[in-house]
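For reference, work.csv is printed below; it contains CSV, N, CA and C atoms.
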```csv
chain,number,residue,atom,x,y,z
A,1,MET,N,-10.5,18.7,-10.5
A,1,MET,CA,-9.7,19.9,-10.7
A,1,MET,C,-10.6,21.1,-10.4
A,2,ASN,N,-11.9,21.1,-10.6
A,2,ASN,CA,-12.8,22.2,-10.3
A,2,ASN,C,-12.9,22.5,-8.8
A,3,TYR,N,-12.5,21.5,-8.0
A,3,TYR,CA,-12.7,21.7,-6.5
A,3,TYR,C,-11.3,21.9,-5.8
A,4,GLY,N,-10.3,22.3,-6.6
A,4,GLY,CA,-9.0,22.6,-6.0
A,4,GLY,C,-8.0,21.5,-5.9
A,5,PHE,N,-8.3,20.4,-6.5
A,5,PHE,CA,-7.4,19.2,-6.5
A,5,PHE,C,-6.2,19.5,-7.5
A,6,ILE,N,-5.1,19.0,-7.2
A,6,ILE,CA,-3.9,19.2,-8.0
A,6,ILE,C,-3.5,17.8,-8.5
A,7,HIS,N,-3.2,17.6,-9.8
A,7,HIS,CA,-2.8,16.3,-10.3
A,7,HIS,C,-1.4,16.0,-9.9
A,8,TYR,N,-1.2,14.9,-9.2
A,8,TYR,CA,0.1,14.5,-8.7
A,8,TYR,C,0.8,13.6,-9.7
A,9,LYS,N,0.2,12.4,-10.0
A,9,LYS,CA,0.8,11.6,-11.0
A,9,LYS,C,-0.3,10.5,-11.3
A,10,ASP,N,-0.2,9.9,-12.5
A,10,ASP,CA,-1.2,8.9,-12.9
A,10,ASP,C,-2.6,9.3,-12.5
A,11,ASN,N,-3.3,8.4,-11.7
A,11,ASN,CA,-4.6,8.7,-11.3
A,11,ASN,C,-4.7,9.3,-9.9
A,12,ILE,N,-3.7,10.0,-9.4
A,12,ILE,CA,-3.6,10.5,-8.1
A,12,ILE,C,-3.7,12.0,-8.1
A,13,TYR,N,-4.7,12.5,-7.3
A,13,TYR,CA,-4.9,13.9,-7.2
A,13,TYR,C,-4.8,14.3,-5.7
A,14,THR,N,-4.3,15.4,-5.4
A,14,THR,CA,-4.2,15.9,-4.0
A,14,THR,C,-4.8,17.2,-3.7
A,15,LYS,N,-5.2,17.4,-2.5
A,15,LYS,CA,-5.7,18.7,-2.1
A,15,LYS,C,-5.4,18.9,-0.6
A,16,VAL,N,-4.8,20.0,-0.2
A,16,VAL,CA,-4.6,20.3,1.2
A,16,VAL,C,-5.8,20.9,1.8
A,17,ILE,N,-6.3,20.4,2.9
A,17,ILE,CA,-7.5,20.9,3.6
A,17,ILE,C,-7.2,21.0,5.1
A,18,SER,N,-8.1,21.7,5.8
A,18,SER,CA,-8.0,21.8,7.2
A,18,SER,C,-8.7,20.6,7.9
A,19,LEU,N,-8.2,20.3,9.1
A,19,LEU,CA,-8.8,19.1,9.8
A,19,LEU,C,-10.3,19.3,10.0
A,20,ASN,N,-10.8,20.5,10.2
A,20,ASN,CA,-12.2,20.7,10.5
A,20,ASN,C,-13.1,20.5,9.2
A,21,GLU,N,-12.5,20.3,8.1
A,21,GLU,CA,-13.2,20.0,6.8
A,21,GLU,C,-13.5,18.5,6.7
A,22,VAL,N,-12.8,17.7,7.5
A,22,VAL,CA,-12.8,16.2,7.4
A,22,VAL,C,-14.0,15.7,8.2
A,23,GLU,N,-14.9,14.9,7.5
A,23,GLU,CA,-16.0,14.3,8.2
A,23,GLU,C,-15.7,12.9,8.6
A,24,LYS,N,-15.1,12.1,7.7
A,24,LYS,CA,-14.7,10.7,7.9
A,24,LYS,C,-13.3,10.5,7.3
A,25,LEU,N,-12.5,9.7,8.0
A,25,LEU,CA,-11.2,9.4,7.5
A,25,LEU,C,-11.0,7.9,7.4
A,26,PHE,N,-10.5,7.3,6.3
A,26,PHE,CA,-10.4,5.9,6.1
A,26,PHE,C,-9.0,5.5,5.8
A,27,LEU,N,-8.6,4.4,6.2
A,27,LEU,CA,-7.3,3.8,5.9
A,27,LEU,C,-7.5,2.4,5.4
A,28,ILE,N,-7.0,2.2,4.2
A,28,ILE,CA,-7.3,0.9,3.5
A,28,ILE,C,-6.0,0.1,3.5
A,29,HIS,N,-6.1,-1.2,4.0
A,29,HIS,CA,-5.0,-2.1,3.9
A,29,HIS,C,-5.3,-3.2,2.9
A,30,SER,N,-4.5,-3.3,1.9
A,30,SER,CA,-4.8,-4.3,0.8
A,30,SER,C,-4.0,-5.6,1.1
A,31,PHE,N,-4.7,-6.7,0.8
A,31,PHE,CA,-4.1,-8.0,1.0
A,31,PHE,C,-4.2,-8.9,-0.2
A,32,ALA,N,-3.3,-9.8,-0.4
A,32,ALA,CA,-3.4,-10.8,-1.5
A,32,ALA,C,-3.2,-12.2,-1.0
A,33,LYS,N,-3.9,-13.1,-1.6
A,33,LYS,CA,-3.6,-14.5,-1.2
A,33,LYS,C,-2.7,-15.1,-2.3
A,34,TYR,N,-1.5,-15.6,-1.8
A,34,TYR,CA,-0.5,-16.2,-2.7
A,34,TYR,C,-0.2,-17.6,-2.1
A,35,LYS,N,-0.4,-18.6,-3.0
A,35,LYS,CA,-0.2,-20.0,-2.6
A,35,LYS,C,-0.8,-20.3,-1.3
A,36,GLY,N,-2.0,-19.8,-1.1
A,36,GLY,CA,-2.8,-20.2,0.1
A,36,GLY,C,-2.5,-19.3,1.3
A,37,GLU,N,-1.5,-18.4,1.2
A,37,GLU,CA,-1.1,-17.6,2.4
A,37,GLU,C,-1.6,-16.1,2.1
A,38,LEU,N,-1.9,-15.4,3.2
A,38,LEU,CA,-2.3,-14.0,3.1
A,38,LEU,C,-1.1,-13.1,3.3
A,39,PHE,N,-0.9,-12.2,2.4
A,39,PHE,CA,0.2,-11.2,2.5
A,39,PHE,C,-0.3,-9.8,2.3
A,40,GLY,N,0.4,-8.8,2.9
A,40,GLY,CA,0.1,-7.4,2.6
A,40,GLY,C,0.4,-7.2,1.1
A,41,ALA,N,-0.3,-6.3,0.4
A,41,ALA,CA,-0.1,-6.1,-1.0
A,41,ALA,C,-0.2,-4.6,-1.3
A,42,SER,N,0.7,-4.2,-2.2
A,42,SER,CA,0.7,-2.9,-2.7
A,42,SER,C,1.2,-2.9,-4.2
A,43,ASN,N,1.1,-1.8,-4.9
A,43,ASN,CA,1.5,-1.6,-6.3
A,43,ASN,C,2.8,-0.9,-6.3
A,44,ASP,N,3.7,-1.2,-7.2
A,44,ASP,CA,4.9,-0.4,-7.4
A,44,ASP,C,4.7,0.5,-8.6
A,45,GLU,N,5.7,1.3,-8.9
A,45,GLU,CA,5.5,2.2,-10.0
A,45,GLU,C,5.5,1.6,-11.4
A,46,ASN,N,5.9,0.3,-11.5
A,46,ASN,CA,5.9,-0.4,-12.8
A,46,ASN,C,4.6,-1.3,-13.0
A,47,GLY,N,3.6,-1.1,-12.1
A,47,GLY,CA,2.4,-1.8,-12.2
A,47,GLY,C,2.4,-3.3,-11.7
A,48,LYS,N,3.5,-3.6,-10.9
A,48,LYS,CA,3.6,-4.9,-10.3
A,48,LYS,C,3.0,-4.9,-8.9
A,49,VAL,N,2.5,-6.1,-8.5
A,49,VAL,CA,2.0,-6.2,-7.1
A,49,VAL,C,3.1,-6.6,-6.2
A,50,LEU,N,3.3,-5.9,-5.1
A,50,LEU,CA,4.4,-6.2,-4.1
A,50,LEU,C,3.7,-6.9,-3.0
A,51,LEU,N,4.2,-8.1,-2.6
A,51,LEU,CA,3.7,-8.8,-1.4
A,51,LEU,C,4.7,-8.6,-0.2
A,52,SER,N,4.1,-8.5,1.0
A,52,SER,CA,5.0,-8.3,2.2
A,52,SER,C,4.5,-9.1,3.4
A,53,THR,N,5.4,-9.3,4.3
A,53,THR,CA,5.0,-10.0,5.5
A,53,THR,C,6.1,-9.7,6.6
A,54,PRO,N,5.6,-9.5,7.8
A,54,PRO,CA,6.6,-9.3,8.9
A,54,PRO,C,7.1,-10.6,9.5
A,55,TYR,N,6.7,-11.8,8.9
A,55,TYR,CA,7.1,-13.1,9.4
A,55,TYR,C,8.3,-13.6,8.6
A,56,LEU,N,9.4,-13.7,9.2
A,56,LEU,CA,10.6,-14.1,8.5
A,56,LEU,C,10.5,-15.5,7.9
A,57,LYS,N,10.0,-16.4,8.7
A,57,LYS,CA,9.9,-17.8,8.3
A,57,LYS,C,9.0,-17.9,7.1
A,58,LEU,N,7.9,-17.2,7.0
A,58,LEU,CA,7.0,-17.2,5.8
A,58,LEU,C,7.7,-16.6,4.6
A,59,ALA,N,8.5,-15.5,4.8
A,59,ALA,CA,9.2,-14.9,3.7
A,59,ALA,C,10.3,-15.8,3.2
A,60,LYS,N,11.0,-16.5,4.0
A,60,LYS,CA,12.0,-17.5,3.6
A,60,LYS,C,11.4,-18.6,2.8
A,61,LYS,N,10.2,-19.1,3.3
A,61,LYS,CA,9.5,-20.2,2.6
A,61,LYS,C,9.2,-19.9,1.1
A,62,TYR,N,8.9,-18.7,0.8
A,62,TYR,CA,8.6,-18.3,-0.6
A,62,TYR,C,9.7,-17.5,-1.3
A,63,GLY,N,10.8,-17.4,-0.7
A,63,GLY,CA,12.0,-16.8,-1.3
A,63,GLY,C,11.9,-15.3,-1.4
A,64,PHE,N,11.2,-14.6,-0.5
A,64,PHE,CA,11.0,-13.2,-0.5
A,64,PHE,C,12.4,-12.5,-0.2
A,65,GLU,N,12.6,-11.3,-0.7
A,65,GLU,CA,13.8,-10.6,-0.4
A,65,GLU,C,13.4,-9.5,0.7
A,66,ARG,N,14.3,-9.3,1.7
A,66,ARG,CA,14.1,-8.3,2.7
A,66,ARG,C,14.2,-6.9,2.1
A,67,THR,N,13.2,-6.1,2.4
A,67,THR,CA,13.2,-4.7,1.8
A,67,THR,C,13.5,-3.7,2.9
A,68,ASP,N,13.2,-4.0,4.1
A,68,ASP,CA,13.6,-3.1,5.2
A,68,ASP,C,13.7,-3.9,6.5
A,69,LYS,N,13.9,-3.2,7.6
A,69,LYS,CA,14.2,-3.9,8.9
A,69,LYS,C,13.1,-4.8,9.4
A,70,TYR,N,11.8,-4.4,9.0
A,70,TYR,CA,10.6,-5.1,9.6
A,70,TYR,C,9.8,-5.9,8.6
A,71,LEU,N,10.1,-5.7,7.3
A,71,LEU,CA,9.3,-6.4,6.3
A,71,LEU,C,10.2,-7.2,5.3
A,72,SER,N,9.7,-8.3,4.8
A,72,SER,CA,10.3,-9.1,3.7
A,72,SER,C,9.4,-9.1,2.6
```
Translate this structure into structure tokens?
Amino acid sequence: MNYGFIHYKDNIYTKVISLNEVEKLFLIHSFAKYKGELFGASNDENGKVLLSTPYLKLAKKYGFERTDKYLS
């Protein structure tokens, strides 16, 4: 907070900066292994882990529900 960050929610803080202030930029993709298969993983607002895959056959195998046009 002393450096200009604004509390967004939970443990998330934000700060708008100019591009020339950025030294390095990282993008992290989380994965989880479920029943021996690797899936994309993220957290929902209720603290649950959401698994995703672009492979329809794999999604059907484990009974996943389609959430958008490209992911199940």
Using all atoms listed in the file, find the one residue out of A:Lys24, A:Tyr13, A:Leu38, A:Leu71 that sits nearest to Leu56 of chain A.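 Result for the nearest residue to Leu56 of chain A: A:Leu71.
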What's the 8 Å shell around His29 of chain A, counting all atoms listed in the file, without same-chain residues fewer than 4 positions away, as JSON, numbers by chain? {"A": [40, 41, 42]}
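Picture a line from atom CA of Asn11 of chain A to atom CA of Glu45 of chain A; it runs 12.1 Å.
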What is the distance between atom N of Ile6 of chain A and atom C of Ile28 of chain A, in Å to one decimal?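 Going from atom N of Ile6 of chain A over to atom C of Ile28 of chain A covers 21.7 Å.
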Using only C-alpha atoms, find the one residue out of A:Asn2, A:Leu19, A:Tyr8, A:Pro54 that sits nearest to Lys69 of chain A. A:Pro54
Assign secondary structure with DSSP using the backbone only, and return the residues of chain A in alpha helix (DSSP H) as a ChimeraX atom specification. /A:56-61
In Å, how far is it from atom C of Leu50 of chain A to atom C of Asp10 of chain A?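 Pair atom C of Leu50 of chain A / atom C of Asp10 of chain A returns 19.8 Å.
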Residue list (strand (DSSP E), DSSP) for chain A, as a PyMOL selection string: chain A and resi 6-9+12-14+31-34+37-43+49-52
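Taking only C-alpha atoms into account, Glu65 of chain A lies nearest to A:Leu51 out of the set A:Leu51, A:Leu25, A:Phe5, A:Phe31.
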Would you mind completing segment 30-41 of chain A so that it carries all heavy atoms, and writing it out as a PDB file, keeping the file's coordinate frame?
```
ATOM      1  N   SER A  30      -4.500  -3.300   1.900  1.00  0.00           N
ATOM      2  CA  SER A  30      -4.800  -4.300   0.800  1.00  0.00           C
ATOM      3  C   SER A  30      -4.000  -5.600   1.100  1.00  0.00           C
ATOM      4  O   SER A  30      -2.910  -5.562   1.621  1.00  0.00           O
ATOM      5  CB  SER A  30      -4.336  -3.780  -0.541  1.00  0.00           C
ATOM      6  OG  SER A  30      -5.061  -2.626  -0.878  1.00  0.00           O
ATOM      7  N   PHE A  31      -4.700  -6.700   0.800  1.00  0.00           N
ATOM      8  CA  PHE A  31      -4.100  -8.000   1.000  1.00  0.00           C
ATOM      9  C   PHE A  31      -4.200  -8.900  -0.200  1.00  0.00           C
ATOM     10  O   PHE A  31      -5.130  -8.626  -1.051  1.00  0.00           O
ATOM     11  CB  PHE A  31      -4.760  -8.756   2.184  1.00  0.00           C
ATOM     12  CG  PHE A  31      -4.544  -8.082   3.497  1.00  0.00           C
ATOM     13  CD1 PHE A  31      -5.437  -7.153   3.975  1.00  0.00           C
ATOM     14  CD2 PHE A  31      -3.419  -8.373   4.266  1.00  0.00           C
ATOM     15  CE1 PHE A  31      -5.233  -6.521   5.183  1.00  0.00           C
ATOM     16  CE2 PHE A  31      -3.201  -7.749   5.473  1.00  0.00           C
ATOM     17  CZ  PHE A  31      -4.111  -6.821   5.937  1.00  0.00           C
ATOM     18  N   ALA A  32      -3.300  -9.800  -0.400  1.00  0.00           N
ATOM     19  CA  ALA A  32      -3.400 -10.800  -1.500  1.00  0.00           C
ATOM     20  C   ALA A  32      -3.200 -12.200  -1.000  1.00  0.00           C
ATOM     21  O   ALA A  32      -2.344 -12.354  -0.113  1.00  0.00           O
ATOM     22  CB  ALA A  32      -2.382 -10.393  -2.589  1.00  0.00           C
ATOM     23  N   LYS A  33      -3.900 -13.100  -1.600  1.00  0.00           N
ATOM     24  CA  LYS A  33      -3.600 -14.500  -1.200  1.00  0.00           C
ATOM     25  C   LYS A  33      -2.700 -15.100  -2.300  1.00  0.00           C
ATOM     26  O   LYS A  33      -2.930 -15.054  -3.475  1.00  0.00           O
ATOM     27  CB  LYS A  33      -4.927 -15.300  -1.216  1.00  0.00           C
ATOM     28  CG  LYS A  33      -4.767 -16.676  -0.592  1.00  0.00           C
ATOM     29  CD  LYS A  33      -6.097 -17.374  -0.416  1.00  0.00           C
ATOM     30  CE  LYS A  33      -6.636 -16.997   0.938  1.00  0.00           C
ATOM     31  NZ  LYS A  33      -7.782 -17.834   1.325  1.00  0.00           N
ATOM     32  N   TYR A  34      -1.500 -15.600  -1.800  1.00  0.00           N
ATOM     33  CA  TYR A  34      -0.500 -16.200  -2.700  1.00  0.00           C
ATOM     34  C   TYR A  34      -0.200 -17.600  -2.100  1.00  0.00           C
ATOM     35  O   TYR A  34       0.229 -17.740  -0.995  1.00  0.00           O
ATOM     36  CB  TYR A  34       0.745 -15.288  -2.629  1.00  0.00           C
ATOM     37  CG  TYR A  34       1.948 -15.823  -3.371  1.00  0.00           C
ATOM     38  CD1 TYR A  34       1.972 -15.860  -4.762  1.00  0.00           C
ATOM     39  CD2 TYR A  34       3.055 -16.278  -2.675  1.00  0.00           C
ATOM     40  CE1 TYR A  34       3.074 -16.336  -5.435  1.00  0.00           C
ATOM     41  CE2 TYR A  34       4.177 -16.765  -3.351  1.00  0.00           C
ATOM     42  CZ  TYR A  34       4.180 -16.794  -4.728  1.00  0.00           C
ATOM     43  OH  TYR A  34       5.280 -17.273  -5.396  1.00  0.00           O
ATOM     44  N   LYS A  35      -0.400 -18.600  -3.000  1.00  0.00           N
ATOM     45  CA  LYS A  35      -0.200 -20.000  -2.600  1.00  0.00           C
ATOM     46  C   LYS A  35      -0.800 -20.300  -1.300  1.00  0.00           C
ATOM     47  O   LYS A  35      -0.239 -21.026  -0.462  1.00  0.00           O
ATOM     48  CB  LYS A  35       1.333 -20.283  -2.607  1.00  0.00           C
ATOM     49  CG  LYS A  35       1.982 -20.117  -3.981  1.00  0.00           C
ATOM     50  CD  LYS A  35       3.405 -20.591  -4.008  1.00  0.00           C
ATOM     51  CE  LYS A  35       3.963 -20.454  -5.416  1.00  0.00           C
ATOM     52  NZ  LYS A  35       5.314 -20.962  -5.550  1.00  0.00           N
ATOM     53  N   GLY A  36      -2.000 -19.800  -1.100  1.00  0.00           N
ATOM     54  CA  GLY A  36      -2.800 -20.200   0.100  1.00  0.00           C
ATOM     55  C   GLY A  36      -2.500 -19.300   1.300  1.00  0.00           C
ATOM     56  O   GLY A  36      -3.156 -19.471   2.332  1.00  0.00           O
ATOM     57  N   GLU A  37      -1.500 -18.400   1.200  1.00  0.00           N
ATOM     58  CA  GLU A  37      -1.100 -17.600   2.400  1.00  0.00           C
ATOM     59  C   GLU A  37      -1.600 -16.100   2.100  1.00  0.00           C
ATOM     60  O   GLU A  37      -1.610 -15.680   0.979  1.00  0.00           O
ATOM     61  CB  GLU A  37       0.396 -17.592   2.542  1.00  0.00           C
ATOM     62  CG  GLU A  37       1.011 -18.957   2.688  1.00  0.00           C
ATOM     63  CD  GLU A  37       0.910 -19.524   4.099  1.00  0.00           C
ATOM     64  OE1 GLU A  37       0.339 -18.867   4.988  1.00  0.00           O
ATOM     65  OE2 GLU A  37       1.415 -20.633   4.291  1.00  0.00           O
ATOM     66  N   LEU A  38      -1.900 -15.400   3.200  1.00  0.00           N
ATOM     67  CA  LEU A  38      -2.300 -14.000   3.100  1.00  0.00           C
ATOM     68  C   LEU A  38      -1.100 -13.100   3.300  1.00  0.00           C
ATOM     69  O   LEU A  38      -0.437 -13.249   4.320  1.00  0.00           O
ATOM     70  CB  LEU A  38      -3.442 -13.766   4.083  1.00  0.00           C
ATOM     71  CG  LEU A  38      -4.321 -12.569   3.830  1.00  0.00           C
ATOM     72  CD1 LEU A  38      -5.029 -12.678   2.482  1.00  0.00           C
ATOM     73  CD2 LEU A  38      -5.340 -12.429   4.936  1.00  0.00           C
ATOM     74  N   PHE A  39      -0.900 -12.200   2.400  1.00  0.00           N
ATOM     75  CA  PHE A  39       0.200 -11.200   2.500  1.00  0.00           C
ATOM     76  C   PHE A  39      -0.300  -9.800   2.300  1.00  0.00           C
ATOM     77  O   PHE A  39      -1.363  -9.572   1.652  1.00  0.00           O
ATOM     78  CB  PHE A  39       1.195 -11.469   1.361  1.00  0.00           C
ATOM     79  CG  PHE A  39       1.916 -12.769   1.488  1.00  0.00           C
ATOM     80  CD1 PHE A  39       1.484 -13.890   0.803  1.00  0.00           C
ATOM     81  CD2 PHE A  39       3.030 -12.880   2.296  1.00  0.00           C
ATOM     82  CE1 PHE A  39       2.149 -15.102   0.912  1.00  0.00           C
ATOM     83  CE2 PHE A  39       3.713 -14.082   2.420  1.00  0.00           C
ATOM     84  CZ  PHE A  39       3.264 -15.200   1.723  1.00  0.00           C
ATOM     85  N   GLY A  40       0.400  -8.800   2.900  1.00  0.00           N
ATOM     86  CA  GLY A  40       0.100  -7.400   2.600  1.00  0.00           C
ATOM     87  C   GLY A  40       0.400  -7.200   1.100  1.00  0.00           C
ATOM     88  O   GLY A  40       1.340  -7.821   0.543  1.00  0.00           O
ATOM     89  N   ALA A  41      -0.300  -6.300   0.400  1.00  0.00           N
ATOM     90  CA  ALA A  41      -0.100  -6.100  -1.000  1.00  0.00           C
ATOM     91  C   ALA A  41      -0.200  -4.600  -1.300  1.00  0.00           C
ATOM     92  O   ALA A  41      -0.904  -3.866  -0.701  1.00  0.00           O
ATOM     93  CB  ALA A  41      -1.225  -6.826  -1.794  1.00  0.00           C
TER      94      ALA A  41
END
```
